[in-house]
$ cat upload.txt   # compact mmCIF, C-alpha atoms and all ligand atoms
# COMPACT_ATOMS: atom_id res chain seq x y z
CA MET A 1 -64.49 44.32 14.78
CA ALA A 2 -61.58 41.97 15.28
CA THR A 3 -61.99 38.46 13.96
CA ASP A 4 -60.85 35.25 15.62
CA LYS A 5 -57.44 35.53 13.97
CA GLN A 6 -56.58 39.08 15.00
CA THR A 7 -54.68 39.95 18.12
CA LEU A 8 -56.87 42.06 20.39
CA ARG A 9 -55.25 45.13 21.93
CA ILE A 10 -55.94 45.33 25.65
CA GLY A 11 -55.99 48.50 27.72
CA LEU A 12 -55.20 47.28 31.25
CA ILE A 13 -56.31 49.59 34.05
CA GLY A 14 -54.67 48.50 37.30
CA PHE A 15 -51.54 46.43 37.86
CA GLY A 16 -52.09 44.80 41.24
CA CYS A 17 -52.44 41.09 41.92
CA VAL A 18 -55.02 40.45 39.17
CA GLY A 19 -53.51 42.83 36.60
CA GLN A 20 -50.08 41.27 37.01
CA GLY A 21 -51.57 37.79 36.96
CA LEU A 22 -53.24 38.49 33.62
CA TYR A 23 -50.12 40.17 32.23
CA ASP A 24 -48.01 37.18 33.20
CA ILE A 25 -50.47 34.71 31.62
CA LEU A 26 -50.49 36.66 28.36
CA GLN A 27 -46.67 36.89 28.37
CA GLN A 28 -46.41 33.14 28.91
CA ARG A 29 -49.03 32.36 26.27
CA PRO A 30 -48.74 34.84 23.39
CA GLU A 31 -50.66 32.41 21.18
CA THR A 32 -53.85 33.37 23.07
CA GLY A 33 -53.92 36.39 20.76
CA PHE A 34 -54.19 39.23 23.28
CA GLU A 35 -51.65 42.00 23.59
CA VAL A 36 -51.46 44.27 26.63
CA ALA A 37 -51.02 47.44 24.60
CA ARG A 38 -51.28 50.01 27.42
CA ILE A 39 -51.26 49.76 31.22
CA ALA A 40 -52.63 52.54 33.41
CA VAL A 41 -51.77 52.81 37.11
CA LYS A 42 -52.42 55.54 39.64
CA ASN A 43 -49.18 55.86 41.55
CA PRO A 44 -46.07 56.82 39.51
CA THR A 45 -43.69 56.33 42.47
CA LYS A 46 -44.70 52.81 43.50
CA PRO A 47 -42.05 50.18 42.63
CA ARG A 48 -43.28 47.99 39.73
CA SER A 49 -42.19 44.74 38.14
CA LEU A 50 -42.02 46.45 34.73
CA PRO A 51 -40.08 49.58 33.64
CA LEU A 52 -41.84 52.86 34.38
CA SER A 53 -41.92 53.64 30.65
CA GLN A 54 -44.50 50.89 30.16
CA PHE A 55 -47.11 52.67 32.27
CA ASP A 56 -49.66 55.41 31.72
CA PHE A 57 -50.82 57.38 34.72
CA HIS A 58 -54.19 58.57 33.42
CA ALA A 59 -56.74 55.80 32.99
CA ASP A 60 -58.94 58.22 31.04
CA ASP A 61 -56.35 58.24 28.24
CA LEU A 62 -57.00 54.52 27.73
CA LEU A 63 -60.73 55.13 27.81
CA HIS A 64 -60.39 57.51 24.88
CA ASP A 65 -57.90 55.45 22.87
CA PRO A 66 -59.83 53.94 19.94
CA SER A 67 -56.93 51.63 19.07
CA LEU A 68 -57.70 49.55 22.17
CA ASP A 69 -60.16 46.73 21.46
CA VAL A 70 -61.02 45.86 25.08
CA LEU A 71 -60.55 47.59 28.43
CA VAL A 72 -59.72 45.47 31.46
CA GLU A 73 -60.46 47.23 34.74
CA VAL A 74 -58.77 45.64 37.77
CA ILE A 75 -58.29 48.48 40.25
CA ASP A 76 -59.15 48.48 43.94
CA ASP A 77 -61.19 51.66 44.18
CA ALA A 78 -64.85 50.79 43.54
CA ALA A 79 -66.00 54.40 42.97
CA GLU A 80 -63.27 55.10 40.43
CA ALA A 81 -63.87 51.71 38.80
CA PHE A 82 -67.55 52.60 38.36
CA ARG A 83 -66.67 55.96 36.83
CA LEU A 84 -64.32 54.33 34.33
CA VAL A 85 -66.47 51.32 33.49
CA SER A 86 -69.70 53.28 33.14
CA GLU A 87 -67.98 55.86 30.91
CA ALA A 88 -66.55 53.08 28.73
CA LEU A 89 -69.99 51.45 28.45
CA ARG A 90 -71.53 54.80 27.56
CA GLN A 91 -69.12 54.79 24.62
CA GLY A 92 -70.35 51.30 23.71
CA ARG A 93 -66.99 49.73 24.49
CA ARG A 94 -66.11 46.19 25.52
CA VAL A 95 -64.99 45.96 29.11
CA VAL A 96 -63.86 43.22 31.51
CA THR A 97 -63.85 43.95 35.23
CA ALA A 98 -63.03 41.99 38.40
CA ASN A 99 -64.44 44.62 40.75
CA LYS A 100 -67.09 42.82 42.78
CA ALA A 101 -67.80 45.70 45.19
CA MET A 102 -68.46 48.03 42.24
CA LEU A 103 -70.66 45.49 40.45
CA ALA A 104 -72.69 44.67 43.57
CA ARG A 105 -73.42 48.36 44.07
CA HIS A 106 -74.14 49.34 40.46
CA LEU A 107 -75.28 46.27 38.55
CA PRO A 108 -78.71 47.65 37.49
CA GLU A 109 -77.13 50.78 35.97
CA LEU A 110 -74.39 48.76 34.27
CA VAL A 111 -76.93 46.39 32.70
CA GLN A 112 -78.94 49.36 31.47
CA LEU A 113 -75.87 51.08 30.02
CA GLN A 114 -75.00 47.96 28.03
CA ARG A 115 -78.53 47.79 26.67
CA GLN A 116 -78.58 51.49 25.77
CA ALA A 117 -75.16 51.85 24.14
CA GLY A 118 -74.50 48.30 22.90
CA GLY A 119 -71.29 47.78 24.87
CA THR A 120 -70.35 44.58 26.66
CA LEU A 121 -69.33 44.05 30.27
CA LEU A 122 -68.05 40.67 31.45
CA TYR A 123 -66.92 39.92 35.02
CA GLU A 124 -66.31 36.23 35.59
CA ALA A 125 -63.22 37.11 37.69
CA ALA A 126 -65.40 39.00 40.18
CA VAL A 127 -66.92 35.85 41.71
CA CYS A 128 -64.99 32.74 42.76
CA GLY A 129 -61.79 33.49 40.84
CA SER A 130 -61.28 30.78 38.27
CA ILE A 131 -64.67 29.03 38.65
CA PRO A 132 -66.95 29.81 35.66
CA ILE A 133 -69.99 30.36 37.85
CA ILE A 134 -71.46 33.48 36.24
CA ARG A 135 -71.40 32.07 32.74
CA THR A 136 -72.82 28.80 34.08
CA LEU A 137 -75.74 30.59 35.70
CA ASP A 138 -76.33 33.10 32.91
CA ALA A 139 -75.91 30.87 29.86
CA TYR A 140 -76.33 27.24 30.89
CA PHE A 141 -78.97 27.65 33.61
CA GLY A 142 -80.55 30.68 31.96
CA ALA A 143 -83.80 28.84 31.35
CA GLU A 144 -83.95 26.52 34.34
CA PRO A 145 -85.37 27.57 37.71
CA LEU A 146 -82.91 27.12 40.56
CA ARG A 147 -83.74 25.98 44.07
CA SER A 148 -80.53 27.27 45.56
CA VAL A 149 -77.01 28.43 44.93
CA THR A 150 -74.76 27.84 47.93
CA GLY A 151 -71.09 28.58 48.03
CA ILE A 152 -67.82 29.42 49.65
CA LEU A 153 -67.10 32.63 47.78
CA ASN A 154 -64.15 34.06 49.69
CA GLY A 155 -60.73 32.47 49.50
CA SER A 156 -59.07 34.45 52.29
CA SER A 157 -61.56 33.65 55.05
CA ASN A 158 -61.66 30.03 53.91
CA TYR A 159 -57.88 29.95 54.08
CA VAL A 160 -57.92 31.33 57.65
CA LEU A 161 -60.65 28.88 58.72
CA THR A 162 -58.73 25.93 57.28
CA ARG A 163 -55.48 26.99 58.95
CA MET A 164 -57.28 27.47 62.29
CA GLY A 165 -59.67 24.54 62.14
CA GLU A 166 -57.57 21.75 60.74
CA GLU A 167 -54.04 22.99 60.99
CA GLY A 168 -54.02 24.53 64.47
CA SER A 169 -52.95 28.04 63.50
CA ASP A 170 -54.01 31.18 65.35
CA TYR A 171 -56.13 33.78 63.62
CA ALA A 172 -53.54 36.57 63.14
CA PRO A 173 -50.75 34.48 61.52
CA ALA A 174 -53.30 32.71 59.29
CA LEU A 175 -54.60 36.06 58.08
CA ALA A 176 -51.03 37.32 57.53
CA GLU A 177 -50.39 34.25 55.35
CA ALA A 178 -53.53 34.89 53.30
CA GLN A 179 -52.35 38.46 52.77
CA ALA A 180 -48.80 37.41 51.87
CA LYS A 181 -50.15 34.94 49.29
CA GLY A 182 -52.13 37.73 47.60
CA PHE A 183 -55.58 36.33 48.41
CA ALA A 184 -56.81 39.10 50.71
CA GLU A 185 -58.26 42.47 49.77
CA THR A 186 -56.16 45.57 50.51
CA ASP A 187 -58.52 46.05 53.46
CA PRO A 188 -58.81 42.49 54.85
CA THR A 189 -61.92 43.48 56.83
CA LEU A 190 -63.75 43.03 53.53
CA ASP A 191 -62.75 39.35 53.54
CA MET A 192 -62.94 38.56 57.25
CA GLY A 193 -66.13 40.58 57.79
CA ALA A 194 -67.79 38.77 54.85
CA PHE A 195 -68.37 41.99 52.88
CA ASP A 196 -66.50 40.57 49.87
CA PRO A 197 -68.57 37.36 49.64
CA ARG A 198 -71.70 39.47 50.19
CA SER A 199 -70.85 41.48 47.05
CA LYS A 200 -70.36 38.21 45.20
CA ALA A 201 -73.69 36.86 46.45
CA VAL A 202 -75.43 40.01 45.19
CA ILE A 203 -73.91 39.45 41.73
CA LEU A 204 -74.94 35.79 41.72
CA ALA A 205 -78.51 36.69 42.72
CA ALA A 206 -78.86 38.79 39.56
CA HIS A 207 -77.84 35.87 37.34
CA ALA A 208 -79.41 33.00 39.28
CA TYR A 209 -82.77 34.64 39.99
CA GLY A 210 -82.91 37.95 38.12
CA THR A 211 -83.12 39.71 41.47
CA PHE A 212 -81.17 42.91 42.08
CA LEU A 213 -80.20 43.35 45.72
CA GLN A 214 -78.45 46.17 47.49
CA PRO A 215 -75.51 44.79 49.49
CA GLU A 216 -76.85 46.17 52.79
CA GLU A 217 -80.04 44.13 52.41
CA VAL A 218 -78.05 40.92 52.76
CA LEU A 219 -76.94 39.66 56.18
CA ASN A 220 -73.16 39.26 56.26
CA LEU A 221 -71.45 37.94 59.37
CA GLY A 222 -67.72 37.32 59.38
CA ILE A 223 -65.09 35.43 61.31
CA GLU A 224 -63.08 38.20 62.98
CA GLN A 225 -64.24 37.09 66.43
CA ILE A 226 -63.88 33.33 65.99
CA ASN A 227 -62.01 31.52 68.76
CA ALA A 228 -61.03 28.04 69.92
CA VAL A 229 -64.37 27.51 71.73
CA ASP A 230 -66.24 27.86 68.44
CA ILE A 231 -63.95 25.49 66.60
CA ALA A 232 -64.24 22.95 69.42
CA PHE A 233 -68.04 23.26 69.37
CA ALA A 234 -68.09 22.59 65.62
CA ALA A 235 -65.85 19.55 66.18
CA THR A 236 -68.29 18.10 68.73
CA LEU A 237 -70.93 18.25 65.96
CA GLY A 238 -68.50 16.62 63.51
CA ARG A 239 -68.70 19.76 61.37
CA LYS A 240 -66.46 22.49 60.03
CA ILE A 241 -67.14 26.20 60.20
CA LYS A 242 -67.12 27.76 56.72
CA VAL A 243 -68.32 31.17 55.55
CA VAL A 244 -71.13 30.20 53.21
CA ALA A 245 -73.25 32.36 50.94
CA GLY A 246 -76.70 30.90 50.46
CA LEU A 247 -79.19 32.01 47.85
CA GLN A 248 -82.43 30.11 48.16
CA ARG A 249 -85.86 30.08 46.54
CA LEU A 250 -88.56 29.85 49.20
CA PRO A 251 -91.73 27.76 48.78
CA ASP A 252 -93.68 30.96 47.96
CA GLY A 253 -91.29 31.79 45.09
CA ARG A 254 -89.43 34.63 46.81
CA VAL A 255 -85.67 34.39 47.29
CA THR A 256 -83.44 34.96 50.25
CA ALA A 257 -79.70 35.52 50.60
CA LEU A 258 -77.44 35.02 53.63
CA VAL A 259 -73.66 35.22 53.95
CA THR A 260 -72.55 33.86 57.32
CA PRO A 261 -70.44 31.26 59.04
CA LEU A 262 -72.21 27.90 58.80
CA PHE A 263 -71.67 24.49 60.41
CA VAL A 264 -70.93 22.38 57.34
CA ALA A 265 -71.44 18.60 57.58
CA PRO A 266 -69.07 16.08 55.94
CA GLU A 267 -71.87 15.07 53.53
CA SER A 268 -71.78 18.53 51.92
CA PRO A 269 -69.37 19.01 49.01
CA LEU A 270 -68.45 22.33 50.65
CA TYR A 271 -66.92 20.45 53.61
CA SER A 272 -63.77 19.58 51.66
CA VAL A 273 -63.32 23.00 50.07
CA ASP A 274 -60.27 24.21 51.97
CA HIS A 275 -57.62 26.94 51.92
CA GLU A 276 -58.15 29.52 49.16
CA PHE A 277 -60.42 27.24 47.17
CA ASN A 278 -64.00 28.24 46.51
CA GLY A 279 -66.93 25.96 45.74
CA VAL A 280 -70.48 26.49 44.55
CA LEU A 281 -73.34 24.01 44.76
CA ILE A 282 -76.19 24.66 42.34
CA GLU A 283 -79.51 22.93 42.93
CA ALA A 284 -81.57 23.16 39.77
CA ASP A 285 -85.18 22.02 39.39
CA PHE A 286 -84.46 19.51 36.63
CA ALA A 287 -80.69 19.02 36.49
CA GLY A 288 -80.47 18.38 40.22
CA GLU A 289 -77.24 19.16 42.03
CA GLN A 290 -74.06 20.39 40.38
CA PHE A 291 -70.90 21.34 42.18
CA LEU A 292 -68.10 23.56 40.93
CA GLN A 293 -64.83 23.93 42.77
CA GLY A 294 -61.63 25.81 42.05
CA ARG A 295 -59.17 28.43 43.17
CA GLY A 296 -61.08 31.49 44.29
CA ALA A 297 -58.25 33.95 44.76
CA GLY A 298 -54.72 34.71 43.61
CA GLY A 299 -53.21 36.40 40.57
CA HIS A 300 -53.11 33.51 38.12
CA PRO A 301 -56.53 31.93 38.87
CA THR A 302 -58.22 35.34 38.76
CA GLY A 303 -56.18 36.34 35.71
CA SER A 304 -57.36 33.11 34.10
CA ALA A 305 -60.98 34.20 34.54
CA VAL A 306 -60.17 37.56 32.90
CA LEU A 307 -58.54 35.67 30.03
CA ALA A 308 -61.69 33.57 29.64
CA ASP A 309 -63.75 36.79 29.44
CA LEU A 310 -61.40 38.23 26.82
CA ALA A 311 -61.79 35.08 24.74
CA ALA A 312 -65.56 35.24 25.16
CA ILE A 313 -65.60 38.88 24.09
CA ARG A 314 -63.66 37.99 20.96
CA GLN A 315 -66.43 35.53 20.12
CA GLY A 316 -69.10 38.20 20.60
CA TYR A 317 -70.42 36.75 23.87
CA SER A 318 -72.30 38.89 26.36
CA TYR A 319 -74.42 38.14 29.43
CA HIS A 320 -78.14 37.92 28.75
CA TYR A 321 -79.50 38.19 32.30
CA PRO A 322 -82.24 35.78 31.21
CA LYS A 323 -83.99 35.76 34.58
CA LEU A 324 -84.21 39.52 34.76
CA THR A 325 -87.89 39.90 33.87
CA THR A 326 -90.90 41.75 35.21
CA SER A 327 -91.72 38.63 37.22
CA SER A 328 -88.28 38.23 38.83
CA PRO A 329 -88.72 37.03 42.42
CA THR A 330 -88.78 39.51 45.25
CA TYR A 331 -86.42 39.36 48.20
CA ALA A 332 -87.55 37.84 51.51
CA THR A 333 -86.21 38.69 54.95
CA ASP A 334 -89.22 37.65 57.07
CA LEU A 335 -87.47 34.50 58.24
CA GLU A 336 -86.02 32.96 61.36
CA LEU A 337 -82.59 31.35 61.37
CA GLU A 338 -81.20 28.85 63.81
CA ILE A 339 -77.86 30.09 65.14
CA TYR A 340 -75.12 29.27 67.60
CA LEU A 341 -74.24 32.49 69.42
CA ARG A 342 -71.10 32.54 71.56
CA THR A 343 -71.23 35.47 73.92
CA ASP A 344 -71.14 36.35 77.57
CA GLU A 345 -73.27 39.46 76.98
CA ASP A 346 -76.83 39.05 78.17
CA ARG A 347 -77.68 42.34 76.48
CA LEU A 348 -76.88 40.80 73.12
CA ILE A 349 -78.98 37.72 73.83
CA ASP A 350 -81.84 40.01 74.86
CA ALA A 351 -81.43 42.18 71.78
CA LEU A 352 -81.57 39.16 69.50
CA ASP A 353 -84.86 38.12 71.14
CA PHE A 354 -84.57 34.37 70.50
CA THR A 355 -87.97 32.87 69.61
CA GLU A 356 -86.80 29.42 70.69
CA ILE A 357 -83.72 28.26 72.57
CA SER A 358 -82.68 24.62 72.24
CA GLU A 359 -79.38 24.76 74.11
CA GLU A 360 -77.83 27.21 76.53
CA ALA A 361 -74.42 26.61 78.13
CA ASP A 362 -73.65 29.35 80.62
CA GLU A 363 -70.21 28.02 81.52
CA ASP A 364 -69.08 27.95 77.86
CA GLY A 365 -71.06 31.08 77.06
CA TYR A 366 -73.16 30.00 74.11
CA VAL A 367 -76.79 29.74 73.08
CA VAL A 368 -78.35 27.78 70.23
CA GLY A 369 -81.78 28.79 69.00
CA TYR A 370 -83.91 30.64 66.46
CA VAL A 371 -83.76 34.39 65.89
CA ALA A 372 -85.48 36.65 63.38
CA LEU A 373 -83.28 37.60 60.44
CA SER A 374 -84.40 41.21 60.90
CA ASN A 375 -82.98 41.16 64.43
CA LEU A 376 -79.65 39.82 63.21
CA LEU A 377 -79.49 42.54 60.56
CA ARG A 378 -80.29 45.11 63.21
CA VAL A 379 -77.72 44.01 65.80
CA LYS A 380 -74.94 43.08 63.41
CA GLU A 381 -72.61 45.80 64.72
CA LEU A 382 -73.32 44.81 68.32
CA ILE A 383 -72.23 41.24 67.67
CA GLN A 384 -68.93 42.68 66.52
CA LYS A 385 -68.73 45.21 69.33
CA PHE A 386 -69.25 42.59 72.04
CA GLY A 387 -66.70 40.19 70.50
CA ALA A 388 -69.46 37.62 69.97
CA PHE A 389 -69.50 35.01 67.22
CA VAL A 390 -72.45 33.62 65.27
CA VAL A 391 -72.65 30.45 63.20
CA ARG A 392 -75.79 29.35 61.38
CA THR A 393 -76.82 25.73 61.79
CA GLY A 394 -78.51 25.88 58.38
CA ALA A 395 -82.11 25.68 59.62
CA VAL A 396 -84.36 28.46 58.27
CA ARG A 397 -88.10 28.82 58.85
CA PRO A 398 -90.81 31.43 58.34
CA LEU A 399 -91.06 34.12 60.96
CA THR A 400 -93.26 32.95 63.81
CA ALA A 401 -96.13 35.14 64.91
CA THR A 402 -94.49 35.70 68.30
CA THR A 403 -91.34 37.27 66.86
CA SER A 404 -91.17 40.96 67.54
CA ALA A 405 -88.68 43.28 65.95
CA LEU A 406 -86.91 44.78 68.94
CA GLU A 407 -85.94 48.40 69.07
CA LEU A 408 -82.46 48.56 70.48
CA GLU A 409 -81.89 50.58 73.55
CA GLU A 410 -79.60 53.57 73.29
CA SER A 411 -77.23 52.00 75.83
CA LEU A 412 -76.42 49.11 73.50
N1 LIG B 1 -60.11 38.66 48.54
C1 LIG B 1 -60.80 37.80 47.65
C2 LIG B 1 -60.89 36.43 48.28
C3 LIG B 1 -60.10 37.75 46.32
O1 LIG B 1 -60.18 36.17 49.24
O2 LIG B 1 -61.68 35.62 47.82
C4 LIG B 1 -60.89 37.06 45.25
O3 LIG B 1 -62.09 37.73 44.98
$ encode --input "upload.txt" --output "structure tokens" --more "lines below"
Ligand code: HSE
Amino acid sequence: MATDKQTLRIGLIGFGCVGQGLYDILQQRPETGFEVARIAVKNPTKPRSLPLSQFDFHADDLLHDPSLDVLVEVIDDAAEAFRLVSEALRQGRRVVTANKAMLARHLPELVQLQRQAGGTLLYEAAVCGSIPIIRTLDAYFGAEPLRSVTGILNGSSNYVLTRMGEEGSDYAPALAEAQAKGFAETDPTLDMGAFDPRSKAVILAAHAYGTFLQPEEVLNLGIEQINAVDIAFAATLGRKIKVVAGLQRLPDGRVTALVTPLFVAPESPLYSVDHEFNGVLIEADFAGEQFLQGRGAGGHPTGSAVLADLAAIRQGYSYHYPKLTTSSPTYATDLELEIYLRTDEDRLIDALDFTEISEEADEDGYVVGYVALSNLLRVKELIQKFGAFVVRTGAVRPLTATTSALELEESL
């Protein structure tokens, strides 16, 4: 095994925004002691910033090259990333990945593979770019119970919301800017539909609570349908709309996870997290509140997180998943959430079956009230289909006895 003094040979799989960011950092700072020895990419005809001779076109060749000390997987394709990373771990290798969709889907198997074959998988770059949130949860807060972990985990949607909310931009040009700056996923629906922060919330739940979730279990509502009425409504409350992932321990010890637009008050540290920045508020039983903020997207910030993982690997660090025990909390969805729903579709309001309505403005086309989380999960596609927009107020309560889970009619 390489010592502190040796240069580690990196096999880099993928040369997109993150791969190039890492490469550039290591070129600028050779004293970090990491050498990109081989780079594998899929497409031999795509124009690259380096000569073609520097690339391999078969990632498997890197997997089977024993001269490489660490593999860094930063490709887009989650299925292929899982094949490569799981094979590397089966060989007991040391791997760094930034692939949040792959991790969210396969974390239990990847943890097991590390335990079976003695390999190491680190993935700080997968959540909140440059913010060291996974190591903070896994190592520092490994022993302390957490009340909640609440964060803005997606830079692109936060960028669009900032440009629209405070800077008067329209949705489409703001999204185009986020794409041009390299913040957005290849398929920006993952950002704007809150699928990307949902993957990140699933990863955080494993470290914060020892609870493995399947992505589909977690409510994710995005901002594709946001319009000026919603932003004006938030302004009347003196709040900003942010896409916030909330992991919370309930009084009965179970945990819940939600990834939705939220009205954020100026008192919250998340209120001032703008543009591509991410922020995470940890509420720990004994430490109290801690807030981490930093760049959540972009080649250099994300490459910086990969660099931090490489340095940690050199020191023999691995995640311990300290909260992953036989008594890890179970996942709760039997809750009601207070939401603002902007729609002119009575069928949607009926389908959501509000248990309590506190405000209804027909002329502006919105309703504020409580709905069962199970109903929101069930009608998620309808919200999208009807061009409606949902923002949580932040209030959550146990399911009332009167709430019934509606079966949707075929016509909806
Ligand atoms: N598309 C992601 C974002 C990149 O906007 O946050 C960083 O994970």
$ atom_distance --input "upload.txt" --atom1 "CA of Gly365 in chain A" --atom2 "CA of Val229 in chain A"
9.3 Å
$ residues_around --input "upload.txt" --residues "range 263-275 of chain A" --least-positions-apart "3" --cutoff "6 Å" --atoms "all atoms listed in the file" --output "list in words"
Asn158, Tyr159, Thr162, Arg239, Lys240, Ile241 and Thr393 of chain A
$ write_last_selection --input "upload.txt" --atoms "C-alpha atoms" --output "short mmCIF file (atom, residue, chain, number, x, y, z; two decimals), keeping the file's coordinate frame"
data_model
loop_
_atom_site.label_atom_id
_atom_site.label_comp_id
_atom_site.auth_asym_id
_atom_site.auth_seq_id
_atom_site.Cartn_x
_atom_site.Cartn_y
_atom_site.Cartn_z
CA ASN A 158 -61.66 30.03 53.91
CA TYR A 159 -57.88 29.95 54.08
CA THR A 162 -58.73 25.93 57.28
CA ARG A 239 -68.70 19.76 61.37
CA LYS A 240 -66.46 22.49 60.03
CA ILE A 241 -67.14 26.20 60.20
CA THR A 393 -76.82 25.73 61.79
#
$ residues_around --input "upload.txt" --residues "range 14-19 of chain A" --least-positions-apart "5" --cutoff "9 Å" --atoms "all atoms listed in the file" --output "PyMOL selection string"
chain A and resi 24+39-42+48+59+72-76+98+125+182-183+298-303+306
$ atom_distance --input "upload.txt" --atom1 "CA of Tyr319 in chain A" --atom2 "CA of Leu110 in chain A"
11.7 Å
$ residues_near_ligand --input "upload.txt" --ligand "ligand LIG 1 (chain B)" --cutoff "10 Å" --atoms "all atoms listed in the file" --output "PyMOL selection string"
chain A and resi 17-18+98-101+125-130+152-160+178-179+182-192+194-197+199-200+275-278+295-299+301-302
$ closest_residue --input "upload.txt" --among "A:Ala104, A:Val391, A:Leu250, A:Leu161" --to "Leu337 in chain A" --atoms "all atoms listed in the file"
A:Val391
$ closest_residue --input "upload.txt" --among "A:Asp170, A:Glu289, A:Glu359, A:Asp138" --to "Ala206 in chain A" --atoms "all atoms listed in the file"
A:Asp138
$ closest_residue --input "upload.txt" --among "A:Gln27, A:Thr330, A:Gln384, A:Gln293" --to "Ile131 in chain A" --atoms "all atoms listed in the file"
A:Gln293
$ closest_residue --input "upload.txt" --among "A:Gly288, A:Gly193, A:Pro329, A:Gly246" --to "Arg392 in chain A" --atoms "all atoms listed in the file"
A:Gly246
$ decode --input "upload.txt" --residues "range 367-385 of chain A" --atoms "C-alpha atoms" --output "compact mmCIF listing (two decimals), in the first residue's frame"
# COMPACT_ATOMS: atom_id res chain seq x y z
CA VAL A 367 -55.25 26.59 -1.66
CA VAL A 368 -53.33 26.33 1.61
CA GLY A 369 -54.01 23.39 3.88
CA TYR A 370 -53.02 19.95 5.15
CA VAL A 371 -52.82 16.85 2.95
CA ALA A 372 -51.68 13.31 3.65
CA LEU A 373 -48.15 12.58 2.47
CA SER A 374 -49.44 9.34 0.93
CA ASN A 375 -51.83 11.37 -1.24
CA LEU A 376 -49.03 13.63 -2.42
CA LEU A 377 -46.92 10.60 -3.30
CA ARG A 378 -49.86 9.14 -5.16
CA VAL A 379 -50.76 12.22 -7.21
CA LYS A 380 -47.25 13.46 -7.87
CA GLU A 381 -47.53 12.95 -11.63
CA LEU A 382 -50.91 14.68 -11.71
CA ILE A 383 -49.46 17.81 -10.13
CA GLN A 384 -47.02 17.89 -13.00
CA LYS A 385 -49.61 17.00 -15.61
